[in-house]
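Participant: Below is the file input-v9.pdb, which contains PDB, C-alpha atoms.
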```
ATOM      1  CA  MET U   1      88.379  72.197  56.006
ATOM      2  CA  HIS U   2      85.335  73.570  57.635
ATOM      3  CA  SER U   3      85.328  77.250  58.277
ATOM      4  CA  VAL U   4      84.178  78.479  61.679
ATOM      5  CA  ALA U   5      81.801  81.371  61.602
ATOM      6  CA  THR U   6      82.737  84.086  63.952
ATOM      7  CA  ALA U   7      80.264  86.571  65.447
ATOM      8  CA  PRO U   8      80.901  90.172  64.566
ATOM      9  CA  LEU U   9      82.538  92.178  67.322
ATOM     10  CA  PRO U  10      80.294  94.816  68.957
ATOM     11  CA  VAL U  11      80.915  98.262  67.807
ATOM     12  CA  ALA U  12      82.116 100.427  70.693
ATOM     13  CA  THR U  13      79.889 103.376  71.370
ATOM     14  CA  THR U  14      81.308 106.661  72.486
ATOM     15  CA  VAL U  15      79.660 108.301  75.517
ATOM     16  CA  GLN U  16      80.241 111.991  75.854
ATOM     17  CA  ALA U  17      80.676 113.017  79.519
ATOM     18  CA  THR U  18      78.839 116.085  80.629
ATOM     19  CA  ALA U  19      81.291 118.779  81.637
ATOM     20  CA  PRO U  20      80.791 119.925  85.265
ATOM     21  CA  ALA U  21      79.449 123.395  85.748
ATOM     22  CA  ASN U  22      82.055 125.917  86.705
ATOM     23  CA  HIS U  23      81.466 127.414  90.218
ATOM     24  CA  SER U  24      83.527 130.212  91.618
ATOM     25  CA  ILE U  25      84.842 129.369  95.074
ATOM     26  CA  TRP U  26      85.114 133.056  95.860
ATOM     27  CA  GLY U  27      81.550 133.733  94.796
ATOM     28  CA  THR U  28      80.183 130.868  96.893
ATOM     29  CA  SER U  29      82.190 131.999  99.913
ATOM     30  CA  ILE U  30      80.965 135.577  99.603
ATOM     31  CA  ARG U  31      77.321 134.522  99.281
ATOM     32  CA  PHE U  32      77.631 132.176 102.263
ATOM     33  CA  THR U  33      79.274 134.903 104.351
ATOM     34  CA  ILE U  34      76.504 137.386 103.537
ATOM     35  CA  LEU U  35      73.804 134.817 104.322
ATOM     36  CA  THR U  36      75.260 133.745 107.667
ATOM     37  CA  THR U  37      75.917 137.373 108.635
ATOM     38  CA  LEU U  38      72.277 138.270 108.025
ATOM     39  CA  LEU U  39      70.986 135.201 109.852
ATOM     40  CA  PHE U  40      73.314 134.990 112.833
ATOM     41  CA  GLY U  41      74.754 138.495 112.987
ATOM     42  CA  LEU U  42      71.479 140.389 112.649
ATOM     43  CA  GLY U  43      68.451 138.130 112.617
ATOM     44  CA  TYR U  44      69.266 135.944 115.618
ATOM     45  CA  PRO U  45      70.370 138.784 117.949
ATOM     46  CA  LEU U  46      67.292 140.826 117.038
ATOM     47  CA  LEU U  47      65.042 137.836 117.680
ATOM     48  CA  VAL U  48      66.596 137.058 121.051
ATOM     49  CA  THR U  49      66.562 140.742 122.060
ATOM     50  CA  GLY U  50      62.909 141.033 121.123
ATOM     51  CA  ILE U  51      61.933 137.908 123.050
ATOM     52  CA  ALA U  52      63.959 138.974 126.097
ATOM     53  CA  GLY U  53      62.474 142.473 126.041
ATOM     54  CA  PHE U  54      58.957 141.024 125.904
ATOM     55  CA  LEU U  55      59.368 138.319 128.551
ATOM     56  CA  PHE U  56      61.917 139.997 130.848
ATOM     57  CA  PRO U  57      61.751 143.784 130.258
ATOM     58  CA  HIS U  58      63.470 144.729 133.552
ATOM     59  CA  GLN U  59      66.431 142.390 133.083
ATOM     60  CA  ALA U  60      66.757 143.137 129.372
ATOM     61  CA  SER U  61      67.050 146.846 130.142
ATOM     62  CA  GLY U  62      70.004 146.302 132.473
ATOM     63  CA  SER U  63      68.135 145.684 135.757
ATOM     64  CA  LEU U  64      68.150 149.434 136.360
ATOM     65  CA  ILE U  65      66.927 150.875 139.652
ATOM     66  CA  LEU U  66      64.871 154.066 139.471
ATOM     67  CA  GLN U  67      64.217 156.617 142.185
ATOM     68  CA  ASN U  68      61.926 159.559 141.503
ATOM     69  CA  GLY U  69      62.159 158.748 137.811
ATOM     70  CA  GLN U  70      65.955 158.883 137.793
ATOM     71  CA  VAL U  71      68.319 155.958 137.254
ATOM     72  CA  ILE U  72      70.447 155.615 140.374
ATOM     73  CA  GLY U  73      72.126 152.299 139.629
ATOM     74  CA  SER U  74      71.731 148.724 138.543
ATOM     75  CA  GLU U  75      71.093 145.546 140.475
ATOM     76  CA  LEU U  76      74.040 144.054 138.571
ATOM     77  CA  LEU U  77      76.740 146.618 139.421
ATOM     78  CA  ALA U  78      78.262 147.476 142.786
ATOM     79  CA  GLN U  79      78.580 151.048 143.979
ATOM     80  CA  SER U  80      80.881 152.609 146.533
ATOM     81  CA  PHE U  81      79.384 153.173 149.987
ATOM     82  CA  THR U  82      81.828 154.490 152.597
ATOM     83  CA  SER U  83      79.597 156.130 155.186
ATOM     84  CA  ASP U  84      78.989 154.249 158.444
ATOM     85  CA  ARG U  85      75.283 154.863 157.829
ATOM     86  CA  TYR U  86      75.264 152.373 154.962
ATOM     87  CA  PHE U  87      76.122 148.753 154.342
ATOM     88  CA  HIS U  88      79.358 148.423 152.394
ATOM     89  CA  PRO U  89      79.976 146.204 149.343
ATOM     90  CA  ARG U  90      83.043 144.107 148.683
ATOM     91  CA  PRO U  91      86.301 145.967 147.988
ATOM     92  CA  SER U  92      86.877 146.742 144.315
ATOM     93  CA  ALA U  93      89.951 146.800 142.091
ATOM     94  CA  ALA U  94      88.016 147.960 139.026
ATOM     95  CA  GLY U  95      89.795 151.132 137.924
ATOM     96  CA  ASN U  96      89.870 153.419 140.934
ATOM     97  CA  GLY U  97      87.128 151.296 142.436
ATOM     98  CA  TYR U  98      83.708 150.217 141.157
ATOM     99  CA  ASP U  99      84.457 151.589 137.682
ATOM    100  CA  ALA U 100      82.133 149.812 135.245
ATOM    101  CA  THR U 101      84.363 150.840 132.325
ATOM    102  CA  SER U 102      87.391 149.131 133.863
ATOM    103  CA  SER U 103      86.080 145.850 135.202
ATOM    104  CA  GLY U 104      88.717 143.504 136.582
ATOM    105  CA  GLY U 105      90.663 142.307 139.589
ATOM    106  CA  SER U 106      94.006 143.394 140.964
ATOM    107  CA  ASN U 107      95.779 140.306 139.540
ATOM    108  CA  LEU U 108      98.038 140.316 142.596
ATOM    109  CA  ALA U 109      99.298 136.973 143.886
ATOM    110  CA  GLN U 110      98.505 135.855 147.422
ATOM    111  CA  SER U 111     102.163 136.405 148.302
ATOM    112  CA  ASN U 112     102.159 139.994 147.049
ATOM    113  CA  ALA U 113     103.046 142.329 149.925
ATOM    114  CA  LYS U 114     100.751 145.100 148.689
ATOM    115  CA  LEU U 115      97.761 142.749 148.664
ATOM    116  CA  VAL U 116      98.601 141.301 152.075
ATOM    117  CA  GLN U 117      98.929 144.768 153.610
ATOM    118  CA  ARG U 118      95.655 145.950 152.103
ATOM    119  CA  ILE U 119      93.718 142.908 153.341
ATOM    120  CA  GLN U 120      95.279 143.064 156.802
ATOM    121  CA  GLY U 121      94.454 146.767 157.035
ATOM    122  CA  ASP U 122      90.817 146.056 156.191
ATOM    123  CA  ILE U 123      90.689 143.235 158.732
ATOM    124  CA  ASP U 124      92.114 145.471 161.461
ATOM    125  CA  LYS U 125      89.585 148.210 160.671
ATOM    126  CA  LEU U 126      86.614 145.834 160.722
ATOM    127  CA  THR U 127      87.829 144.073 163.856
ATOM    128  CA  ALA U 128      87.954 147.412 165.653
ATOM    129  CA  GLN U 129      84.297 147.946 164.764
ATOM    130  CA  ASN U 130      83.211 144.456 165.871
ATOM    131  CA  PRO U 131      85.694 143.131 168.406
ATOM    132  CA  GLY U 132      85.693 139.393 168.879
ATOM    133  CA  LYS U 133      83.706 138.614 165.720
ATOM    134  CA  PRO U 134      85.360 136.840 162.763
ATOM    135  CA  VAL U 135      85.536 139.024 159.646
ATOM    136  CA  PRO U 136      83.650 137.567 156.638
ATOM    137  CA  ILE U 137      86.087 136.894 153.807
ATOM    138  CA  ASP U 138      84.090 138.786 151.178
ATOM    139  CA  LEU U 139      84.421 142.052 153.114
ATOM    140  CA  VAL U 140      88.195 142.059 152.616
ATOM    141  CA  THR U 141      88.613 140.390 149.222
ATOM    142  CA  THR U 142      87.675 141.696 145.781
ATOM    143  CA  SER U 143      85.645 139.826 143.199
ATOM    144  CA  GLY U 144      87.037 138.955 139.782
ATOM    145  CA  SER U 145      85.145 141.834 138.180
ATOM    146  CA  GLY U 146      85.366 144.337 141.012
ATOM    147  CA  LEU U 147      81.677 145.010 140.400
ATOM    148  CA  ASP U 148      79.970 142.254 142.394
ATOM    149  CA  PRO U 149      76.751 143.871 143.679
ATOM    150  CA  ASP U 150      76.115 141.232 146.335
ATOM    151  CA  ILE U 151      77.614 140.218 149.659
ATOM    152  CA  THR U 152      77.002 137.146 151.763
ATOM    153  CA  PRO U 153      74.351 137.262 154.486
ATOM    154  CA  ASP U 154      77.165 136.920 157.047
ATOM    155  CA  ALA U 155      78.832 140.039 155.638
ATOM    156  CA  ALA U 156      75.561 141.969 155.871
ATOM    157  CA  PHE U 157      74.813 140.857 159.432
ATOM    158  CA  TYR U 158      78.393 141.704 160.417
ATOM    159  CA  GLN U 159      77.757 145.365 159.536
ATOM    160  CA  VAL U 160      74.473 145.669 161.420
ATOM    161  CA  ALA U 161      76.052 146.964 164.634
ATOM    162  CA  ARG U 162      77.930 149.752 162.849
ATOM    163  CA  VAL U 163      74.924 150.898 160.805
ATOM    164  CA  ALA U 164      72.580 150.707 163.781
ATOM    165  CA  LYS U 165      74.918 152.854 165.876
ATOM    166  CA  ALA U 166      75.357 155.443 163.105
ATOM    167  CA  ARG U 167      71.609 155.736 162.543
ATOM    168  CA  GLY U 168      70.418 155.329 166.117
ATOM    169  CA  LEU U 169      68.381 152.227 165.247
ATOM    170  CA  ARG U 170      67.896 148.952 167.065
ATOM    171  CA  GLU U 171      70.084 146.114 165.780
ATOM    172  CA  GLU U 172      67.082 143.790 165.755
ATOM    173  CA  GLN U 173      65.345 146.114 163.312
ATOM    174  CA  LEU U 174      68.273 146.032 160.897
ATOM    175  CA  GLN U 175      68.694 142.288 161.263
ATOM    176  CA  GLN U 176      65.100 141.868 160.121
ATOM    177  CA  LEU U 177      65.785 144.173 157.165
ATOM    178  CA  VAL U 178      68.819 142.120 156.136
ATOM    179  CA  GLN U 179      66.829 138.916 156.488
ATOM    180  CA  GLN U 180      64.202 140.293 154.100
ATOM    181  CA  HIS U 181      66.884 140.955 151.479
ATOM    182  CA  ILE U 182      68.504 137.525 151.484
ATOM    183  CA  VAL U 183      68.116 135.906 148.066
ATOM    184  CA  GLY U 184      68.437 132.125 148.075
ATOM    185  CA  ARG U 185      70.028 129.811 145.535
ATOM    186  CA  GLN U 186      68.483 129.791 142.081
ATOM    187  CA  LEU U 187      66.215 126.768 141.745
ATOM    188  CA  GLY U 188      67.504 125.800 145.172
ATOM    189  CA  LEU U 189      70.794 124.615 143.649
ATOM    190  CA  LEU U 190      72.693 127.333 141.781
ATOM    191  CA  GLY U 191      74.861 129.940 143.478
ATOM    192  CA  GLU U 192      74.902 130.908 147.138
ATOM    193  CA  PRO U 193      72.562 132.980 149.336
ATOM    194  CA  ARG U 194      73.329 136.665 148.839
ATOM    195  CA  VAL U 195      72.254 140.208 149.657
ATOM    196  CA  ASN U 196      72.148 143.019 147.106
ATOM    197  CA  VAL U 197      73.867 145.976 148.775
ATOM    198  CA  LEU U 198      72.219 148.751 146.752
ATOM    199  CA  ALA U 199      68.707 147.389 147.263
ATOM    200  CA  LEU U 200      69.404 146.947 150.980
ATOM    201  CA  ASN U 201      70.668 150.524 151.366
ATOM    202  CA  LEU U 202      67.697 151.963 149.493
ATOM    203  CA  ASP U 203      65.292 150.259 151.881
ATOM    204  CA  LEU U 204      67.515 151.362 154.749
ATOM    205  CA  ASP U 205      66.947 154.996 153.766
ATOM    206  CA  LYS U 206      63.196 154.375 153.811
ATOM    207  CA  LEU U 207      63.392 153.860 157.568
ATOM    208  CA  GLY U 208      63.646 157.641 157.799
ATOM    209  CA  LYS U 209      66.715 158.088 159.927
TER     210      LYS U 209
END
```
Output the structure of this file as structure tokens.
Facilitator:
Amino acid sequence: MHSVATAPLPVATTVQATAPANHSIWGTSIRFTILTTLLFGLGYPLLVTGIAGFLFPHQASGSLILQNGQVIGSELLAQSFTSDRYFHPRPSAAGNGYDATSSGGSNLAQSNAKLVQRIQGDIDKLTAQNPGKPVPIDLVTTSGSGLDPDITPDAAFYQVARVAKARGLREEQLQQLVQQHIVGRQLGLLGEPRVNVLALNLDLDKLGK
């Protein structure tokens, strides 16, 4: 019998796997938290604040209005004006009214008797001042913040007769003043035409009466 030569079987080689490095999940999380806090909690706000202060210093400082070196208000916050000699802002439910530390609305439903009575009372008062003229809605309703510094041009023109009578001025003169203070839509698209009440009243005082 002929013997059949068989090829030797290959000797298996042993490959030693490299053990993965041990990383602490807690350590990685802590380092990531510190890094993101520095970048987004400190670095980014400081960068944006610096850019805003350089490009828009008035707005970045709170749009404050100065008179004789003293801060008398902000273009962004309504103030209470009750005298007939001044234009009035929208009603406010912020705190006791126009309280910047207690911004908010009344949260009363349209069916709430207290709200209905308050609005109707304001309508009756304004109608007595301008008989036969429809009352602009923003003169009897509050804004969501209670601090809206602006009113509609209609609301400003509606008050011209009262202010003119109280100051002994011609209505045409005050109508021109209101017209000068009408700010149009941003970029011609955003928002609605508006009048800043504080700025309007400051220029009103400059008339000297």
Participant: From the options U:Trp26, U:Gly69, U:Pro136, U:Val160, which residue's atoms come nearest to Glu172 in chain U, counting all atoms listed in the file?
Facilitator: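 Using all atoms listed in the file, Glu172 in chain U sits closest to U:Val160.
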Participant: Quick one: distance from CA of Phe87 in chain U to CA of Leu200 in chain U in Å, one decimal?
Facilitator: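 That distance, rounded to one decimal, is 7.7 Å.
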Participant: Residues picked by the PyMOL selection byres ((chain U and resi 130) around 12) here, as JSON, numbers by chain?
Facilitator: {"U": [123, 124, 125, 126, 127, 128, 129, 131, 132, 133, 134, 135, 136, 155, 157, 158, 159, 160, 161, 162, 163, 165]}
Participant: Go through U:Pro149, U:Phe32, U:Phe56, U:Gln176 and flag the residue nearest Phe81 in chain U, using only C-alpha atoms for the distances.
Facilitator: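 Answer, going by the shortest atom-to-atom distance: U:Pro149.
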Participant: Give as a list in words the residues that the PyMOL selection byres ((chain U and resi 88) around 10) matches when applied to the coordinates above.
Facilitator: Ala78, Gln79, Ser80, Phe81, Thr82, Ser83, Asp84, Arg85, Tyr86, Phe87, Pro89, Arg90, Pro91, Leu139, Asp150, Ile151, Ala155, Ala156, Gln159, Val163, Val197, Leu198 and Asn201 of chain U
Participant: I'd like the contact shell of Gly104 in chain U - 10 Å cut-off, all atoms listed in the file, skipping same-chain residues fewer than 3 positions apart - returned as a ChimeraX atom specification.
Facilitator: /U:92-95,97-101,107,142-147
Participant: Name the closest residue to Arg167 in chain U among the candidates U:Val140, U:Ile30, U:Leu207, U:Ala199; distances are taken between atoms, counting only C-alpha atoms.
Facilitator: U:Leu207
Participant: The PyMOL selection byres ((chain U and resi 61-63) around 7) - which residues does that actually catch in the file I just gave you? List them as a VMD selection string.
Facilitator: chain U and resid 57 to 60 64 to 65 74 to 76
Participant: In Å, rounded to a single decimal, give me how far CA of Thr152 in chain U is from CA of Gly191 in chain U.
Facilitator: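 Computing the Euclidean distance for CA of Gly191 in chain U and CA of Thr152 in chain U yields 11.2 Å.
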Participant: Suppose you want the space between CA of Ile182 in chain U and CA of Asn196 in chain U; what is it in Å?
Facilitator: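 CA of Ile182 in chain U sits 7.9 Å away from CA of Asn196 in chain U.
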Participant: Using only C-alpha atoms, which residue out of U:Gln186, U:Thr141, U:Asp122, U:Leu35 lies closest to Gln110 in chain U?
Facilitator: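 Once distances to Gln110 in chain U are computed over only C-alpha atoms, the minimum belongs to U:Thr141.
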Participant: Of the candidates U:Asp154, U:Leu202, U:Asp138, U:Val116, which shows the shortest atom-to-atom distance to Gln175 in chain U, using only C-alpha atoms?
Facilitator: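 When distances to Gln175 in chain U are compared using only C-alpha atoms, the smallest one comes from U:Asp154.
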Participant: Using only C-alpha atoms, find the one residue out of U:Val71, U:Leu204, U:Ala52, U:Ala166 that sits nearest to Gln180 in chain U.
Facilitator: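 Once distances to Gln180 in chain U are computed over only C-alpha atoms, the minimum belongs to U:Leu204.
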